[in-house]
Every structure is written in C-alpha cells, then in structure tokens.
Amino acid sequence: MFKTKNLLKMVVVSTMAALLLAGCGGDKDSKGSSKDVLAKIKEDKKIVFGVKYDTRLFGLKNPSTGKVEGFDIDLSKALAEEMFGKDVKPEYVEVTSKTRVGLLNNGKVDAVVATMTITDERKKEVDFTDVYFDAGQSLLVKKGSKIHSIADLKKGTKVLAVKGSTSTINIREKAPETTVLEFENYAEAFTALKAGKGDALTTDDSILYGMAEEDPSYELVGGTFTEEPYGIAVKKGNKDLVDALNKALKSLKDSGKYDEIKNKWIKK
Ligand code: GLU
C-alpha cells in the first residue's frame with residue numbers, strides 16, 4: 001500500500017514536471033523564436049545594436065553631446081544602411097562585456113558590435129559574423145613602471161581587468177601567479193589603475209590605445225600575447241541576419257568604406 005502510494009506520487013510529480021517543461025518551451029517560442037529577428041527589424045524599421053559606452057575609439061558616450069561614438073558605432077551604422085537603405089533606423093543600447101550575451105538572448109538588442117572576440121566557448125551561446133577587426137591582448141602601465149611584459153606579472157603584482165571579458169580568462173591562464181581584480185567596465189578599470197589600485201590593466205591593445213590616448217602618462221608594454229578577432233554577435237539560430245551582415249560587411253570592404261571608417265578611428 002505504502003509503495004503504491006509512493007509510485008502514484010512519483011507519476012503525478014513527473015507528469016507535472018513534464019507539463020511544466022513543455023509549457024516553458026512553448027512560451028519561449030511564442031515570445032518570438034530567434035529566427036524572427038531579421039523579419040522583426042524590417043517590420044519595426046529599426047535595428048538595435050548593443051555597443052560599448054565606455055570604450056574610447058570603439059564605443060564611447062560623449063558627455064557633451066550625449067551621443068555614442070567610435071569604430072563600432074560607425075561600422076554598425078554603415079552596415080545597417082548597406083543592408084536596409086534608409087528604411088531601417090539604427091538604435092543603440094549600452095552593453096558591457098558582462099551583459100552583452102544576456103541582452104542579446106533576451107531580445108533587448110538585435111546585434112552586438114562591441115569589441116567582442118569570437119571564441120568557441122561563446123559560439124555555444126551566440127552566432128558570430130565573419131571577423132571585422134583583429135586585436136590582441138596586451139598590458140597598459142604607468143610610464144616608468146617596472147612591468148615591461150607579461151613575464152613581470154609575478155606573485156604580489158595586481159592586474160586589473162573587466163568582468164565577462166576574454167582578458168580575465170587569458171591573464172589567469174598566462175600569468176597564474178598574479179592577482180586579478182575584476183571591474184564592471186573599462187571606465188572603472190582605468191579609473192582604478194589611475195588611482196594606483198593595480199600595477200597594470202589588461203585587455204585588447206585596441207582598447208588600451210584609447211586609454212593611452214586619453215592619458216599619455218600610460219603606455220602599452222610587451223606587445224600582444226593573444227589573438228582577439230572581433231565578430232558581430234547575434235542570437236543563436238539567426239542565419240539570415242548573420243548572412244545579411246556578412247554580405248554587407250563584404251560590400252563595405254570592397255567599396256573602401258570599411259577602410260575609411262577604420263582609418264578614422266584606428267591610427268595604430
Ligand atoms: N575582446 C575581448 C572580449 O571580447 C576584450 C574586450 C571586451 O571586453 O569587450 O572579451
């Protein structure tokens with residue numbers, strides 16, 4: 001009797017669980033399956049790009065105009081025009097290294113153009129376009145620092161990095177003895193470096209050049225020790241959108257527009 005009752009309980013519980021799971025799946029689909037993003041962009045006549053607001057040269061909010069400026073912004077604007085003409089308006093939403101995948105997957109942004117490296121790990125969560133920029137990880141230090149390269153990051157040194165970036169993973173792997181302090185975004189990390197909270201800041205050379213430009217008492221040292229190919233990320237399964245972005249990227253490269261935008265921002 002006791003056994004039968006338990007068995008019955010198990011059947012009821014597992015049926016309920018199955019129903020619940022089926023319900024969740026259905027709900028996800030009805031919220032717009034990921035395949036609809038390109039169609040939705042055309043219908044809404046707007047494309048929402050997730051971009052950085054704190055990264056000089058790539059995506060930085062100009063406090064005097066309130067506008068975001070940089071290579072990622074100009075490139076995404078040109079891509080939108082190439083794909084849709086003047087019909088579709090580009091809009092911008094701030095992402096950080098930590099928030100960009102989540103904002104893509106919950107539909108708050110349609111495409112992330114935000115200094116994002118294509119990695120196998122990330123490919124499990126999002127889809128990427130072809131490479132649109134090649135960066136590599138490096139170190140930024142105060143001029144005159146004793147740190148000249150990654151080999152100097154020994155026990156007792158402190159390196160500043162940003163949450164959700166490949167830079168934090170790479171530096172732990174390549175300089176396992178150093179202490180890594182993680183910040184929410186690049187503005188905070190650079191402020192901390194200037195306040196003497198660490199010996200070096202690590203991320204892509206392309207981003208560090210922007211910081212050295214902002215404050216020339218800082219410099220990059222030791223060259224690059226990783227490869228960081230940037231791609232545009234979209235929600236998984238959006239093949240049509242990836243294809244359209246790749247096609248537009250190729251056209252911009254063929255026409256010289258891509259170089260024009262790159263040369264405007266990237267001098268190194
Ligand atoms: N490209 C690296 C990354 O995707 C570092 C720059 C960033 O944090 O956006 O993680």
# chains A, B, ... in the order shown; residues from 1 in each chain; ligands from 1
$ residues_around --residues "Asp204 of chain A" --least-positions-apart "4" --cutoff "12 Å" --atoms "only C-alpha atoms" --output "PyMOL selection string"
chain A and resi 55+58+115-117+133-140+161-162+165-168+170-171+186+208-211+220+223-230
$ residues_around --residues "Lys268 of chain A" --least-positions-apart "5" --cutoff "10 Å" --atoms "only C-alpha atoms" --output "list in words"
Asp205, Ser206, Tyr209 and Asn263 of chain A
$ closest_residue --among "A:Val101, A:Val68, A:Ala114, A:Val141" --to "ligand 1" --atoms "only C-alpha atoms and all ligand atoms"
A:Ala114
$ residues_around --residues "Lys239 of chain A" --least-positions-apart "2" --cutoff "10 Å" --atoms "only C-alpha atoms" --output "ChimeraX atom specification"
/A:34-35,37-38,127-129,234-237,241-245
$ select_by_dssp --residues "segment 23-259 of chain A" --states "strand (DSSP E)" --output "MDAnalysis selection string"
chainID A and resid 46:51 54:55 59:61 68:69 89:94 111:112 126:128 133:135 137:142 158:162 179:183 200:204 218:221 228:230 233:235
$ closest_residue --among "A:Thr203, A:Ser251, A:Thr65, A:Thr99" --to "ligand 1" --atoms "only C-alpha atoms and all ligand atoms"
A:Thr203
$ closest_residue --among "A:Val131, A:Met83, A:Ile207, A:Val93" --to "ligand 1" --atoms "only C-alpha atoms and all ligand atoms"
A:Ile207
$ atom_distance --atom1 "atom CA of Lys154 of chain A" --atom2 "atom CA of Ala187 of chain A"
25.3 Å
$ residues_around --residues "Asp259 of chain A" --least-positions-apart "5" --cutoff "12 Å" --atoms "only C-alpha atoms" --output "tab-separated table (two decimals) with all heavy atoms, in the first residue's frame"
chain	number	residue	atom	x	y	z
A	71	PHE	N	34.44	53.37	-33.66
A	71	PHE	CA	34.52	52.47	-34.82
A	71	PHE	C	33.30	51.54	-34.87
A	71	PHE	O	32.67	51.37	-35.92
A	71	PHE	CB	35.83	51.67	-34.72
A	71	PHE	CG	35.99	50.65	-35.80
A	71	PHE	CD1	36.07	51.01	-37.13
A	71	PHE	CD2	36.08	49.30	-35.48
A	71	PHE	CE1	36.24	50.06	-38.13
A	71	PHE	CE2	36.25	48.34	-36.47
A	71	PHE	CZ	36.33	48.72	-37.79
A	74	ASP	N	30.19	53.62	-36.01
A	74	ASP	CA	30.19	53.97	-37.43
A	74	ASP	C	30.03	52.74	-38.32
A	74	ASP	O	29.33	52.77	-39.33
A	74	ASP	CB	31.49	54.69	-37.81
A	74	ASP	CG	31.50	56.13	-37.30
A	74	ASP	OD1	30.47	56.58	-36.77
A	74	ASP	OD2	32.54	56.80	-37.45
A	75	LEU	N	30.67	51.64	-37.91
A	75	LEU	CA	30.57	50.42	-38.70
A	75	LEU	C	29.13	49.89	-38.69
A	75	LEU	O	28.57	49.54	-39.73
A	75	LEU	CB	31.53	49.35	-38.18
A	75	LEU	CG	31.52	48.04	-38.97
A	75	LEU	CD1	32.04	48.25	-40.39
A	75	LEU	CD2	32.33	46.94	-38.28
A	78	ALA	N	26.90	51.99	-40.88
A	78	ALA	CA	27.15	51.71	-42.30
A	78	ALA	C	26.57	50.35	-42.70
A	78	ALA	O	26.02	50.19	-43.79
A	78	ALA	CB	28.65	51.77	-42.59
A	132	TYR	N	35.59	41.15	-38.16
A	132	TYR	CA	35.61	42.52	-38.72
A	132	TYR	C	36.77	43.35	-38.19
A	132	TYR	O	37.00	44.45	-38.67
A	132	TYR	CB	34.27	43.23	-38.49
A	132	TYR	CG	34.00	43.69	-37.06
A	132	TYR	CD1	34.43	44.93	-36.61
A	132	TYR	CD2	33.30	42.88	-36.18
A	132	TYR	CE1	34.18	45.35	-35.31
A	132	TYR	CE2	33.05	43.29	-34.88
A	132	TYR	CZ	33.49	44.53	-34.46
A	132	TYR	OH	33.25	44.95	-33.17
A	133	PHE	N	37.52	42.81	-37.20
A	133	PHE	CA	38.68	43.55	-36.70
A	133	PHE	C	39.58	42.58	-35.94
A	133	PHE	O	39.09	41.70	-35.23
A	133	PHE	CB	38.22	44.68	-35.75
A	133	PHE	CG	39.34	45.57	-35.31
A	133	PHE	CD1	39.78	46.60	-36.12
A	133	PHE	CD2	39.98	45.38	-34.08
A	133	PHE	CE1	40.83	47.42	-35.73
A	133	PHE	CE2	41.04	46.19	-33.69
A	133	PHE	CZ	41.46	47.22	-34.52
A	249	LEU	N	29.09	43.51	-44.78
A	249	LEU	CA	30.48	43.73	-44.37
A	249	LEU	C	31.41	43.61	-45.58
A	249	LEU	O	32.32	44.43	-45.78
A	249	LEU	CB	30.85	42.71	-43.28
A	249	LEU	CG	32.22	42.85	-42.63
A	249	LEU	CD1	32.36	44.18	-41.91
A	249	LEU	CD2	32.45	41.71	-41.62
A	250	LYS	N	31.15	42.62	-46.39
A	250	LYS	CA	31.97	42.41	-47.58
A	250	LYS	C	31.84	43.59	-48.54
A	250	LYS	O	32.84	44.10	-49.06
A	250	LYS	CB	31.58	41.09	-48.28
A	250	LYS	CG	32.56	40.74	-49.37
A	250	LYS	CD	32.32	39.40	-50.01
A	250	LYS	CE	33.32	39.13	-51.13
A	250	LYS	NZ	33.52	40.21	-52.09
A	251	SER	N	30.62	44.07	-48.73
A	251	SER	CA	30.41	45.23	-49.61
A	251	SER	C	31.17	46.44	-49.10
A	251	SER	O	31.77	47.18	-49.88
A	251	SER	CB	28.93	45.61	-49.70
A	251	SER	OG	28.18	44.54	-50.08
A	252	LEU	N	31.11	46.65	-47.78
A	252	LEU	CA	31.81	47.82	-47.21
A	252	LEU	C	33.32	47.69	-47.40
A	252	LEU	O	34.01	48.69	-47.61
A	252	LEU	CB	31.49	47.98	-45.72
A	252	LEU	CG	30.04	48.31	-45.33
A	252	LEU	CD1	29.93	48.47	-43.83
A	252	LEU	CD2	29.56	49.58	-46.02
A	253	LYS	N	33.81	46.46	-47.31
A	253	LYS	CA	35.25	46.25	-47.53
A	253	LYS	C	35.59	46.49	-48.99
A	253	LYS	O	36.58	47.15	-49.30
A	253	LYS	CB	35.65	44.83	-47.10
A	253	LYS	CG	35.71	44.71	-45.58
A	253	LYS	CD	36.37	43.43	-45.12
A	253	LYS	CE	36.54	43.46	-43.61
A	253	LYS	NZ	36.91	42.17	-43.03
A	254	ASP	N	34.76	45.95	-49.90
A	254	ASP	CA	35.02	46.10	-51.33
A	254	ASP	C	34.96	47.56	-51.77
A	254	ASP	O	35.71	47.99	-52.62
A	254	ASP	CB	34.02	45.28	-52.15
A	254	ASP	CG	34.25	43.77	-51.98
A	254	ASP	OD1	35.32	43.40	-51.44
A	254	ASP	OD2	33.37	42.98	-52.36
A	264	LYS	N	39.55	56.34	-39.72
A	264	LYS	CA	39.07	57.48	-38.93
A	264	LYS	C	39.37	57.28	-37.44
A	264	LYS	O	39.71	58.20	-36.72
A	264	LYS	CB	37.56	57.64	-39.16
A	264	LYS	CG	36.90	58.71	-38.31
A	264	LYS	CD	35.43	58.85	-38.69
A	264	LYS	CE	34.65	59.58	-37.60
A	264	LYS	NZ	33.20	59.44	-37.77
A	265	TRP	N	39.25	56.03	-36.97
A	265	TRP	CA	39.36	55.76	-35.53
A	265	TRP	C	40.66	55.11	-35.11
A	265	TRP	O	41.18	55.36	-34.02
A	265	TRP	CB	38.19	54.87	-35.07
A	265	TRP	CG	36.89	55.56	-35.19
A	265	TRP	CD1	35.95	55.38	-36.18
A	265	TRP	CD2	36.37	56.58	-34.34
A	265	TRP	NE1	34.89	56.21	-35.99
A	265	TRP	CE2	35.11	56.95	-34.86
A	265	TRP	CE3	36.83	57.21	-33.18
A	265	TRP	CZ2	34.33	57.94	-34.24
A	265	TRP	CZ3	36.06	58.17	-32.56
A	265	TRP	CH2	34.82	58.54	-33.11
A	266	ILE	N	41.17	54.22	-35.95
A	266	ILE	CA	42.33	53.41	-35.54
A	266	ILE	C	43.58	53.92	-36.25
A	266	ILE	O	43.73	53.75	-37.46
A	266	ILE	CB	42.10	51.91	-35.88
A	266	ILE	CG1	40.67	51.47	-35.52
A	266	ILE	CG2	43.16	51.02	-35.25
A	266	ILE	CD1	40.32	51.44	-34.06
A	267	LYS	N	44.44	54.54	-35.47
A	267	LYS	CA	45.65	55.13	-36.09
A	267	LYS	C	46.85	54.18	-36.00
A	267	LYS	O	47.83	54.37	-36.70
A	267	LYS	CB	46.00	56.46	-35.39
A	267	LYS	CG	44.83	57.41	-35.27
A	267	LYS	CD	44.55	58.18	-36.57
A	267	LYS	CE	43.38	59.12	-36.40
A	267	LYS	NZ	42.54	59.24	-37.60
$ closest_residue --among "A:Glu82, A:Glu91, A:Glu219, A:Asp72" --to "ligand 1" --atoms "only C-alpha atoms and all ligand atoms"
A:Asp72
$ atom_distance --atom1 "atom CA of Lys61 of chain A" --atom2 "atom CA of Gly102 of chain A"
21.3 Å
